[in-house]
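Pasted below: work.cif, mmCIF, C-alpha atoms and all ligand atoms.
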data_protein
loop_
_atom_site.label_atom_id
_atom_site.label_comp_id
_atom_site.auth_asym_id
_atom_site.auth_seq_id
_atom_site.Cartn_x
_atom_site.Cartn_y
_atom_site.Cartn_z
CA MET J 21 8.75 49.74 20.15
CA SER J 22 9.88 53.09 18.70
CA THR J 23 13.53 52.09 19.11
CA VAL J 24 12.98 48.95 17.05
CA ALA J 25 10.67 50.18 14.31
CA ASN J 26 13.39 51.33 11.95
CA THR J 27 12.16 49.37 8.98
CA CYS J 28 8.61 48.99 7.94
CA THR J 29 7.20 46.82 5.15
CA GLU J 30 3.60 46.71 3.98
CA MET J 31 2.11 43.67 2.30
CA SER J 32 -1.34 43.80 0.82
CA SER J 33 -1.56 40.25 -0.48
CA MET J 34 -0.11 38.33 2.43
CA PRO J 35 -2.03 35.50 4.05
CA PRO J 36 -2.83 36.16 7.69
CA PRO J 37 -0.10 35.15 10.09
CA ARG J 38 -0.14 31.61 11.42
CA PRO J 39 -2.81 30.82 13.99
CA ILE J 40 -1.69 31.67 17.43
CA SER J 41 1.02 29.31 18.51
CA ALA J 42 3.39 29.33 21.43
CA ARG J 43 5.70 31.65 19.52
CA LEU J 44 3.17 34.40 18.91
CA ALA J 45 2.71 36.93 21.67
CA LEU J 46 0.00 39.54 22.09
CA PRO J 47 1.22 42.84 23.49
CA GLY J 48 -1.33 44.09 26.03
CA PRO J 49 -5.01 43.23 25.72
CA ALA J 50 -5.02 42.77 21.92
CA LYS J 51 -8.17 41.38 20.29
CA LEU J 52 -8.29 38.27 18.14
CA LYS J 53 -11.06 37.35 15.73
CA ALA J 54 -12.32 33.77 15.55
CA ASP J 55 -13.77 32.85 12.16
CA LEU J 56 -15.30 29.71 10.82
CA GLY J 57 -13.61 29.35 7.44
CA GLN J 58 -15.85 29.12 4.39
CA GLU J 59 -17.98 25.97 4.77
CA SER J 60 -15.62 24.79 7.48
CA GLY J 61 -16.43 23.64 10.98
CA LYS J 62 -12.93 24.44 12.19
CA PRO J 63 -12.40 27.88 13.76
CA SER J 64 -9.37 29.95 12.82
CA LEU J 65 -7.96 32.89 14.73
CA THR J 66 -6.89 36.13 13.06
CA ILE J 67 -5.82 39.43 14.49
CA ASP J 68 -8.52 42.07 14.57
CA ASP J 69 -8.09 45.31 12.59
CA TYR J 70 -5.31 47.53 13.97
CA GLU J 71 -4.37 44.97 16.64
CA GLU J 72 -0.77 43.90 17.00
CA VAL J 73 0.90 40.53 17.60
CA ILE J 74 4.58 39.72 17.91
CA ASP J 75 6.11 36.76 16.12
CA THR J 76 9.58 35.42 16.89
CA PHE J 77 11.62 33.84 14.10
CA ARG J 78 15.18 32.61 14.73
CA GLY J 79 15.31 34.86 17.77
CA VAL J 80 14.18 37.94 15.78
CA ARG J 81 11.02 39.75 16.89
CA ILE J 82 8.56 40.84 14.22
CA TRP J 83 5.48 42.95 14.87
CA TRP J 84 2.36 42.26 12.81
CA CYS J 85 -0.53 44.68 12.50
CA ALA J 86 -3.70 44.27 10.42
CA CYS J 87 -4.38 47.60 8.69
CA MET J 88 -6.89 49.04 6.29
CA ARG J 89 -6.73 51.79 3.69
CA PHE J 90 -9.68 53.60 2.13
CA PRO J 91 -9.27 55.08 -1.34
CA ILE J 92 -9.68 58.83 -1.66
CA SER J 93 -12.72 58.98 -3.84
CA GLN J 94 -15.28 61.64 -4.67
CA THR J 95 -17.90 59.10 -5.68
CA ILE J 96 -20.32 57.26 -3.43
CA SER J 97 -20.03 53.54 -3.87
CA PHE J 98 -22.73 50.94 -3.35
CA TYR J 99 -19.99 48.51 -2.36
CA PRO J 100 -17.75 50.35 0.14
CA ASP J 101 -16.38 47.07 1.54
CA ARG J 102 -14.89 46.12 -1.81
CA GLU J 103 -12.99 49.38 -1.97
CA GLN J 104 -11.24 48.99 1.35
CA ARG J 105 -7.73 47.74 1.00
CA LYS J 106 -6.69 45.42 3.77
CA PHE J 107 -3.05 44.64 4.39
CA TYR J 108 -0.66 43.55 7.10
CA ARG J 109 2.12 45.82 8.25
CA ILE J 110 5.18 44.12 9.67
CA THR J 111 7.83 45.94 11.62
CA PHE J 112 11.32 44.73 12.49
CA HIS J 113 14.84 46.01 13.04
CA LYS J 114 16.58 47.00 9.84
CA ARG J 115 19.55 44.75 10.51
CA HIS J 116 17.18 41.76 10.03
CA ARG J 117 15.88 42.93 6.65
CA LYS J 118 17.59 40.16 4.66
CA LEU J 119 16.30 37.42 6.96
CA VAL J 120 12.74 38.80 6.98
CA GLU J 121 12.47 39.48 3.24
CA GLY J 122 13.96 36.13 2.34
CA GLU J 123 13.49 33.24 4.73
CA TYR J 124 10.80 34.67 6.97
CA LEU J 125 8.32 35.72 4.27
CA ASN J 126 8.76 32.40 2.46
CA HIS J 127 8.15 30.62 5.76
CA ILE J 128 4.97 32.66 6.35
CA LEU J 129 3.65 31.92 2.83
CA ARG J 130 4.34 28.21 3.25
CA GLU J 131 2.73 28.04 6.68
CA GLY J 132 -0.22 30.12 5.45
CA ARG J 133 -0.88 27.63 2.65
CA ASP J 134 -0.58 24.67 5.05
CA VAL J 135 -3.03 26.26 7.49
CA THR J 136 -5.49 26.91 4.66
CA VAL J 137 -5.32 23.25 3.66
CA ARG J 138 -5.61 22.02 7.27
CA THR J 139 -8.58 24.18 8.22
CA ARG J 140 -10.64 24.02 5.03
CA GLN J 141 -13.69 21.83 4.78
CA ARG J 142 -12.86 19.03 2.38
CA LYS J 143 -15.29 18.38 -0.45
CA LEU J 144 -16.79 15.51 -2.36
CA PHE J 145 -17.40 16.53 -5.97
CA THR J 146 -19.62 14.82 -8.52
CA ASN J 147 -19.80 15.71 -12.19
CA SER J 148 -23.09 16.76 -13.69
CA PRO J 149 -24.15 15.91 -17.26
CA SER J 150 -22.92 18.44 -19.82
CA SER J 151 -26.52 19.48 -20.57
CA ASN J 152 -26.49 21.18 -17.11
CA TRP J 153 -23.17 22.99 -17.51
CA TYR J 154 -24.50 26.20 -19.00
CA GLY J 155 -27.62 27.47 -17.24
CA TYR J 156 -28.61 31.10 -16.85
CA ARG J 157 -25.90 31.15 -14.19
CA ARG J 158 -22.95 29.63 -15.98
CA SER J 159 -22.05 26.74 -13.73
CA SER J 160 -19.13 24.39 -13.31
CA CYS J 161 -19.21 20.77 -14.43
CA TRP J 162 -18.74 19.73 -10.78
CA SER J 163 -21.10 20.15 -7.85
CA HIS J 164 -20.03 19.38 -4.31
CA VAL J 165 -21.05 18.51 -0.77
CA ALA J 166 -18.93 18.40 2.39
CA PHE J 167 -16.77 15.26 2.56
CA GLU J 168 -17.31 13.73 5.98
CA HIS J 169 -16.69 10.00 5.57
CA PRO J 170 -15.41 8.60 8.88
CA ALA J 171 -13.23 5.78 7.45
CA THR J 172 -9.55 5.84 8.38
CA PHE J 173 -6.69 3.38 8.04
CA ASP J 174 -7.33 2.42 11.68
CA THR J 175 -10.90 1.36 10.94
CA LEU J 176 -10.01 -0.37 7.67
CA ALA J 177 -9.87 -4.14 8.06
CA MET J 178 -7.04 -5.58 6.03
CA ASP J 179 -3.70 -7.31 6.35
CA PRO J 180 -1.55 -4.94 8.48
CA LYS J 181 1.49 -5.46 6.23
CA LYS J 182 -0.46 -4.52 3.14
CA LYS J 183 -1.92 -1.53 4.93
CA ARG J 184 1.55 -0.34 5.95
CA GLU J 185 2.75 -0.64 2.34
CA ILE J 186 -0.11 1.56 1.12
CA ILE J 187 0.43 4.17 3.83
CA ASP J 188 4.18 4.28 3.06
CA ASP J 189 3.44 4.66 -0.63
CA LEU J 190 1.06 7.57 0.06
CA VAL J 191 3.60 9.29 2.30
CA THR J 192 6.31 8.92 -0.36
CA PHE J 193 3.92 10.37 -2.94
CA ARG J 194 2.89 13.30 -0.72
CA GLU J 195 6.50 14.22 -0.04
CA GLY J 196 7.64 13.60 -3.62
CA LYS J 197 7.25 17.05 -5.17
CA GLU J 198 10.97 17.48 -5.78
CA TYR J 199 11.37 13.90 -6.97
CA TYR J 200 8.63 14.19 -9.62
CA LYS J 201 10.13 17.50 -10.74
CA LYS J 202 13.57 15.92 -10.99
CA ILE J 203 12.44 13.00 -13.12
CA GLY J 204 10.20 15.22 -15.25
CA LYS J 205 6.90 13.48 -14.47
CA ALA J 206 3.56 14.93 -13.42
CA TRP J 207 3.02 14.71 -9.66
CA LYS J 208 0.32 12.06 -9.72
CA ARG J 209 -0.18 8.45 -8.78
CA GLY J 210 -2.68 5.83 -9.84
CA TYR J 211 -4.21 3.11 -7.68
CA LEU J 212 -6.34 0.24 -8.89
CA LEU J 213 -8.59 -1.28 -6.21
CA TYR J 214 -10.08 -4.58 -7.19
CA GLY J 215 -11.99 -7.35 -5.48
CA PRO J 216 -15.49 -8.72 -4.84
CA PRO J 217 -18.36 -6.37 -3.91
CA GLY J 218 -18.47 -5.13 -0.33
CA THR J 219 -14.83 -5.79 0.54
CA GLY J 220 -13.97 -2.20 1.43
CA LYS J 221 -12.92 -0.45 -1.81
CA SER J 222 -14.99 2.69 -1.13
CA SER J 223 -13.86 2.64 2.51
CA MET J 224 -10.25 2.51 1.32
CA ILE J 225 -10.80 5.61 -0.88
CA ALA J 226 -12.29 7.49 2.08
CA ALA J 227 -9.39 6.38 4.31
CA ILE J 228 -6.86 7.63 1.72
CA ALA J 229 -8.70 10.97 1.40
CA ASN J 230 -8.80 11.41 5.17
CA PHE J 231 -5.16 10.42 5.54
CA LEU J 232 -3.91 12.86 2.88
CA GLU J 233 -6.60 15.49 3.61
CA TYR J 234 -7.48 15.69 -0.08
CA ASP J 235 -10.77 16.48 -1.81
CA VAL J 236 -12.50 13.66 -3.70
CA TYR J 237 -13.80 13.96 -7.25
CA ASP J 238 -16.20 11.09 -7.91
CA LEU J 239 -16.17 10.94 -11.70
CA GLU J 240 -19.28 9.35 -13.17
CA LEU J 241 -18.03 8.32 -16.60
CA THR J 242 -21.49 7.40 -17.86
CA ALA J 243 -22.42 11.11 -17.67
CA VAL J 244 -19.47 12.03 -19.93
CA LYS J 245 -20.28 11.89 -23.61
CA THR J 246 -17.04 12.84 -25.34
CA ASN J 247 -13.27 13.03 -24.88
CA THR J 248 -13.55 16.81 -25.08
CA GLU J 249 -15.99 16.83 -22.16
CA LEU J 250 -13.66 14.58 -20.16
CA ARG J 251 -10.80 17.01 -20.74
CA LYS J 252 -12.89 19.95 -19.54
CA ILE J 253 -14.01 18.00 -16.47
CA PHE J 254 -10.42 17.11 -15.64
CA ILE J 255 -9.11 20.65 -16.10
CA GLU J 256 -11.66 21.87 -13.55
CA THR J 257 -10.27 19.63 -10.80
CA THR J 258 -7.84 21.14 -8.32
CA GLY J 259 -4.56 19.89 -6.86
CA LYS J 260 -4.48 17.86 -3.62
CA SER J 261 -7.34 15.76 -4.85
CA ILE J 262 -8.33 12.18 -5.58
CA ILE J 263 -10.17 11.49 -8.82
CA VAL J 264 -12.18 8.31 -8.49
CA ILE J 265 -13.83 6.23 -11.19
CA GLU J 266 -15.80 3.50 -9.46
CA ASP J 267 -16.67 0.26 -11.22
CA ILE J 268 -14.70 1.30 -14.26
CA ASP J 269 -15.60 -1.94 -16.05
CA CYS J 270 -19.28 -0.89 -15.98
CA SER J 271 -18.74 2.76 -16.87
CA ILE J 272 -17.73 2.48 -20.48
CA ASP J 273 -16.47 -0.12 -22.91
CA LEU J 274 -12.88 -0.09 -21.71
CA THR J 275 -12.49 -3.83 -21.77
CA GLY J 276 -10.37 -5.96 -24.08
CA LYS J 277 -13.24 -5.66 -26.55
CA HIS J 278 -12.03 -2.21 -27.50
CA LYS J 279 -9.62 -3.79 -29.95
CA GLU J 280 -12.45 -5.20 -32.06
CA LYS J 281 -14.29 -1.94 -31.64
CA LYS J 282 -11.18 -0.06 -32.71
CA LYS J 283 -11.03 -2.17 -35.83
CA ASP J 284 -14.63 -1.26 -36.61
CA ASP J 285 -13.76 2.38 -36.01
CA GLU J 286 -10.73 2.12 -38.30
CA ASP J 287 -12.96 0.80 -41.05
CA LYS J 288 -15.37 3.63 -40.39
CA ASP J 289 -12.56 6.21 -40.34
CA LYS J 290 -11.47 5.11 -43.79
CA LYS J 291 -14.69 6.54 -45.11
CA LEU J 292 -14.22 9.91 -43.36
CA PRO J 293 -12.90 12.88 -45.34
CA PRO J 294 -9.34 13.98 -44.46
CA GLY J 295 -9.11 16.01 -41.21
CA MET J 296 -12.39 14.64 -39.88
CA GLU J 297 -10.95 11.59 -38.07
CA GLU J 298 -9.72 13.51 -35.03
CA LYS J 299 -12.99 15.40 -34.82
CA ASP J 300 -14.86 12.11 -34.89
CA GLU J 301 -12.61 10.70 -32.13
CA ASN J 302 -13.32 13.70 -29.90
CA SER J 303 -17.06 13.46 -30.42
CA LYS J 304 -17.25 10.27 -28.36
CA LEU J 305 -15.68 8.91 -25.20
CA THR J 306 -12.99 6.37 -26.04
CA LEU J 307 -10.34 4.35 -24.25
CA SER J 308 -7.64 6.58 -25.72
CA GLY J 309 -9.53 9.61 -24.34
CA VAL J 310 -9.45 8.05 -20.87
CA LEU J 311 -5.75 7.16 -21.23
CA ASN J 312 -5.04 10.74 -22.21
CA PHE J 313 -7.04 11.87 -19.20
CA ILE J 314 -4.73 9.83 -16.96
CA ASP J 315 -1.38 10.71 -18.46
CA GLY J 316 -1.94 13.37 -21.11
CA LEU J 317 -0.38 16.80 -21.02
CA TRP J 318 -3.17 18.34 -18.94
CA SER J 319 -2.55 15.84 -16.14
CA ALA J 320 0.45 18.03 -15.33
CA CYS J 321 -1.63 21.14 -14.60
CA GLY J 322 -1.57 21.81 -10.87
CA GLY J 323 -0.02 19.38 -8.48
CA GLU J 324 -0.73 16.37 -6.35
CA ARG J 325 -3.41 14.29 -7.95
CA ILE J 326 -4.29 10.70 -7.25
CA VAL J 327 -6.39 8.70 -9.71
CA ILE J 328 -8.21 5.65 -8.34
CA PHE J 329 -10.12 3.07 -10.35
CA THR J 330 -12.22 0.42 -8.66
CA THR J 331 -13.54 -2.74 -10.23
CA ASN J 332 -15.08 -6.03 -9.23
CA HIS J 333 -13.75 -7.64 -12.44
CA VAL J 334 -10.10 -6.78 -12.95
CA GLU J 335 -9.80 -9.45 -15.65
CA LYS J 336 -12.21 -7.49 -17.87
CA LEU J 337 -10.05 -4.37 -18.05
CA ASP J 338 -7.83 -3.54 -20.96
CA PRO J 339 -4.18 -4.07 -19.89
CA ALA J 340 -3.30 -0.66 -21.36
CA LEU J 341 -5.59 1.01 -18.85
CA ILE J 342 -4.04 -0.56 -15.76
CA ARG J 343 -0.42 -1.05 -16.72
CA ARG J 344 2.16 0.03 -14.12
CA GLY J 345 2.96 3.67 -14.62
CA ARG J 346 -0.73 4.42 -15.14
CA MET J 347 -2.11 2.47 -12.21
CA ASP J 348 1.08 2.39 -10.15
CA MET J 349 -0.23 0.18 -7.38
CA HIS J 350 -2.72 -2.66 -7.78
CA ILE J 351 -4.46 -3.34 -4.47
CA GLU J 352 -6.56 -6.41 -4.01
CA MET J 353 -9.42 -5.96 -1.54
CA SER J 354 -10.41 -9.49 -0.79
CA TYR J 355 -12.46 -11.43 1.73
CA CYS J 356 -11.73 -11.03 5.40
CA THR J 357 -8.54 -12.56 6.85
CA PHE J 358 -8.09 -13.30 10.55
CA GLU J 359 -6.05 -10.10 11.05
CA ALA J 360 -8.79 -8.07 9.30
CA PHE J 361 -11.42 -9.82 11.45
CA LYS J 362 -9.59 -8.60 14.57
CA VAL J 363 -9.82 -5.00 13.32
CA LEU J 364 -13.58 -5.41 12.77
CA ALA J 365 -14.03 -6.97 16.24
CA LYS J 366 -12.19 -3.97 17.71
CA ASN J 367 -14.16 -1.40 15.64
CA TYR J 368 -17.61 -2.85 16.14
CA LEU J 369 -17.38 -4.57 19.55
CA GLY J 370 -14.39 -2.94 21.23
CA ILE J 371 -12.86 -6.42 21.72
CA VAL J 372 -9.10 -6.67 21.30
CA GLU J 373 -8.54 -10.19 22.66
CA HIS J 374 -11.01 -13.00 23.39
CA ASP J 375 -10.80 -16.72 24.21
CA LEU J 376 -12.93 -17.51 21.18
CA PHE J 377 -10.40 -15.90 18.82
CA ILE J 378 -8.37 -19.14 18.71
CA THR J 379 -11.45 -21.16 17.68
CA ILE J 380 -12.48 -18.53 15.12
CA ARG J 381 -8.98 -18.45 13.70
CA TYR J 382 -8.96 -22.23 13.33
CA LYS J 383 -12.55 -22.88 12.24
CA ILE J 384 -13.31 -19.88 10.02
CA PHE J 385 -9.93 -18.83 8.71
CA LEU J 386 -8.46 -22.35 8.78
CA VAL J 387 -5.22 -21.11 10.33
CA LYS J 388 -3.59 -23.33 12.95
N1 LIG M 401 -12.07 -4.07 4.71
C1 LIG M 401 -13.06 -3.41 5.35
N2 LIG M 401 -12.78 -2.66 6.43
C2 LIG M 401 -13.75 -2.00 7.07
N3 LIG M 401 -15.04 -2.02 6.72
C3 LIG M 401 -15.38 -2.77 5.65
C4 LIG M 401 -14.41 -3.49 4.91
N4 LIG M 401 -15.02 -4.14 3.90
C5 LIG M 401 -16.32 -3.83 4.00
N5 LIG M 401 -16.54 -3.00 5.03
C6 LIG M 401 -17.83 -2.42 5.43
O1 LIG M 401 -18.78 -3.01 4.54
C7 LIG M 401 -19.56 -2.00 3.87
C8 LIG M 401 -19.30 -2.04 2.36
O2 LIG M 401 -17.96 -1.63 2.10
P1 LIG M 401 -17.52 -0.76 0.85
O3 LIG M 401 -18.66 0.03 0.34
O4 LIG M 401 -16.28 -0.02 1.23
O5 LIG M 401 -17.17 -1.94 -0.16
P2 LIG M 401 -16.91 -1.86 -1.74
O6 LIG M 401 -15.83 -2.86 -2.00
O7 LIG M 401 -16.67 -0.48 -2.16
O8 LIG M 401 -18.29 -2.39 -2.31
P3 LIG M 401 -18.82 -2.29 -3.85
O9 LIG M 401 -17.84 -3.03 -4.70
O10 LIG M 401 -20.14 -2.99 -3.76
O11 LIG M 401 -18.92 -0.84 -4.17
C9 LIG M 401 -19.19 -0.68 4.48
O12 LIG M 401 -20.15 -0.36 5.42
C10 LIG M 401 -17.85 -0.92 5.17
O13 LIG M 401 -17.80 -0.22 6.38
#
Rewrite the structure from the file as structure tokens, please.
Amino acid sequence: MSTVANTCTEMSSMPPPRPISARLALPGPAKLKADLGQESGKPSLTIDDYEEVIDTFRGVRIWWCACMRFPISQTISFYPDREQRKFYRITFHKRHRKLVEGEYLNHILREGRDVTVRTRQRKLFTNSPSSNWYGYRRSSCWSHVAFEHPATFDTLAMDPKKKREIIDDLVTFREGKEYYKKIGKAWKRGYLLYGPPGTGKSSMIAAIANFLEYDVYDLELTAVKTNTELRKIFIETTGKSIIVIEDIDCSIDLTGKHKEKKKDDEDKDKKLPPGMEEKDENSKLTLSGVLNFIDGLWSACGGERIVIFTTNHVEKLDPALIRRGRMDMHIEMSYCTFEAFKVLAKNYLGIVEHDLFITIRYKIFLVK
């Protein structure tokens, strides 16, 4: 090792190296630490303090060591842990400096972020009424529980062609960072799920969340009183998330009626002193507030957001709310087809083929 350790770099803010893969080697009987990430059931392995592992990148060997530094202090602290400075020391041959400082460190940061996403416990958030936002412990407008819905695209009963289209669309979205940047649009996509009650809209949302490994923010619009509150709620969401408004037609008057309502408001605004109109608009929740929430400036903060509306009555919604570009894909969740029936038979009964399928196909689904 002494012949190789010509260059030494210390990094205090690096993520831990990737979990042990085939390319990482432990010299001698090095110790690893297995942790359950915060609120996560998935264990992750890290190197123990002062232990060493060797990584190989493009044929170059890199030694990693987890180190700790204590500040020289004359005072006695109640919180000694907070004053320790943990960092990773990496060692490599100096002729590889350019490769390590450029490509390798970027690769480690990228992989570190991916591992964090893969191993974290995903969450289901719900918004609390604004009256609860500021207690004696200043709290967020969202509270959460672990998201553990078992639905996947495999268990979702729907026309396989339609299912494929949705999956392809999600994959294109997930890999579209550069594309959205190029065209100058926020990295987000809207889906409208509509159809009769009990046809799988909530199951579809869970399947999308599980497929993309995103968190879910279940936005209860009836608990939001004003456009300003909606903005605050939205700003507190994170990237890689799905923001869901279920039964949007029941949540707020966002139907075609808003035009009459708007006219009433215009009449009312006429009576307001100059400068007060905007204030008045922000003191209630309006269709334009929701439209701003979907495609306003703040929708660009952070990346990768999906907005999903569900409704049983698509015809009641204002066309402005669901026009393409806002709700990019309109997905009808309708009554069971024969293909969807086969998925349910497989899920519930484990039956893939059966003699009765022909009769069922003919008598129930009226397909010859
Ligand atoms: N297409 C489907 N694929 C798989 N399961 C389904 C499907 N449709 C309904 N189900 C099952 O029926 C139940 C109700 O489905 P779900 O809650 O997803 O429907 P929904 O359209 O969201 O209903 P609502 O409009 O009443 O909220 C769930 O237990 C779900 O597993």
Counting all atoms listed in the file, what residues are within 6 Å of ligand LIG 401 (chain M), given as a PyMOL selection string? chain J and resi 175-178+217-223
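Comparing J:Ser261, J:Thr357, J:Asn367, J:Gln104 by their smallest distance to J:Pro180, the closest is J:Thr357 (using all atoms listed in the file).
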So the first atom is atom CA of J:Gln141 and the second is atom CA of J:Ala166; what is the distance between them in Å, to one decimal place? 6.7 Å
Atom CA of J:Asp134 and atom CA of J:Thr66 are how many Å apart?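 Separation between atom CA of J:Asp134 and atom CA of J:Thr66: 15.3 Å.
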Measuring atom to atom with all atoms listed in the file, identify which of J:Gly210, J:Gly79, J:Gly215, J:Gly309 is nearest to J:Val264. J:Gly210
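With only C-alpha atoms as the basis for measurement, J:Ile268 is the residue among J:Val73, J:Leu144, J:Ile268, J:Ile128 that approaches J:Glu335 most closely.
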Which residues are close to J:Pro216, i.e. within 9 Å by only C-alpha atoms, leaving aside same-chain residues fewer than 3 positions away? Reply as a ChimeraX atom specification. /J:219,331-333,353-355
Output for the residues just chosen: C-alpha atoms as a short mmCIF file (atom, residue, chain, number, x, y, z; two decimals), in the coordinates of the input:
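out.cif was written with the following content:
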data_model
loop_
_atom_site.label_atom_id
_atom_site.label_comp_id
_atom_site.auth_asym_id
_atom_site.auth_seq_id
_atom_site.Cartn_x
_atom_site.Cartn_y
_atom_site.Cartn_z
CA THR J 219 -14.83 -5.79 0.54
CA THR J 331 -13.54 -2.74 -10.23
CA ASN J 332 -15.08 -6.03 -9.23
CA HIS J 333 -13.75 -7.64 -12.44
CA MET J 353 -9.42 -5.96 -1.54
CA SER J 354 -10.41 -9.49 -0.79
CA TYR J 355 -12.46 -11.43 1.73
#
Do you have the atom CA of J:Ile74-atom CA of J:Phe90 distance handy?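 Result for atom CA of J:Ile74 versus atom CA of J:Phe90: 25.4 Å, one decimal.
Ranking J:Cys161, J:Arg344, J:Ile82, J:Pro339 by their shortest atom-to-atom distance to J:Glu121, with all atoms listed in the file included, puts J:Ile82 first.
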Quick one: residues within 12 Å of J:Leu250, all atoms listed in the file, excluding same-chain residues fewer than 3 positions away - as a ChimeraX atom specification? /J:147-150,161-162,239-247,253-257,302-314,316,318-319
May I ask which of the residues J:Leu190, J:Val387, J:Val363, J:Leu376 is the closest one to J:Ile326, counting only C-alpha atoms?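 Comparing J:Leu190, J:Val387, J:Val363, J:Leu376 against J:Ile326, the winner is J:Leu190.
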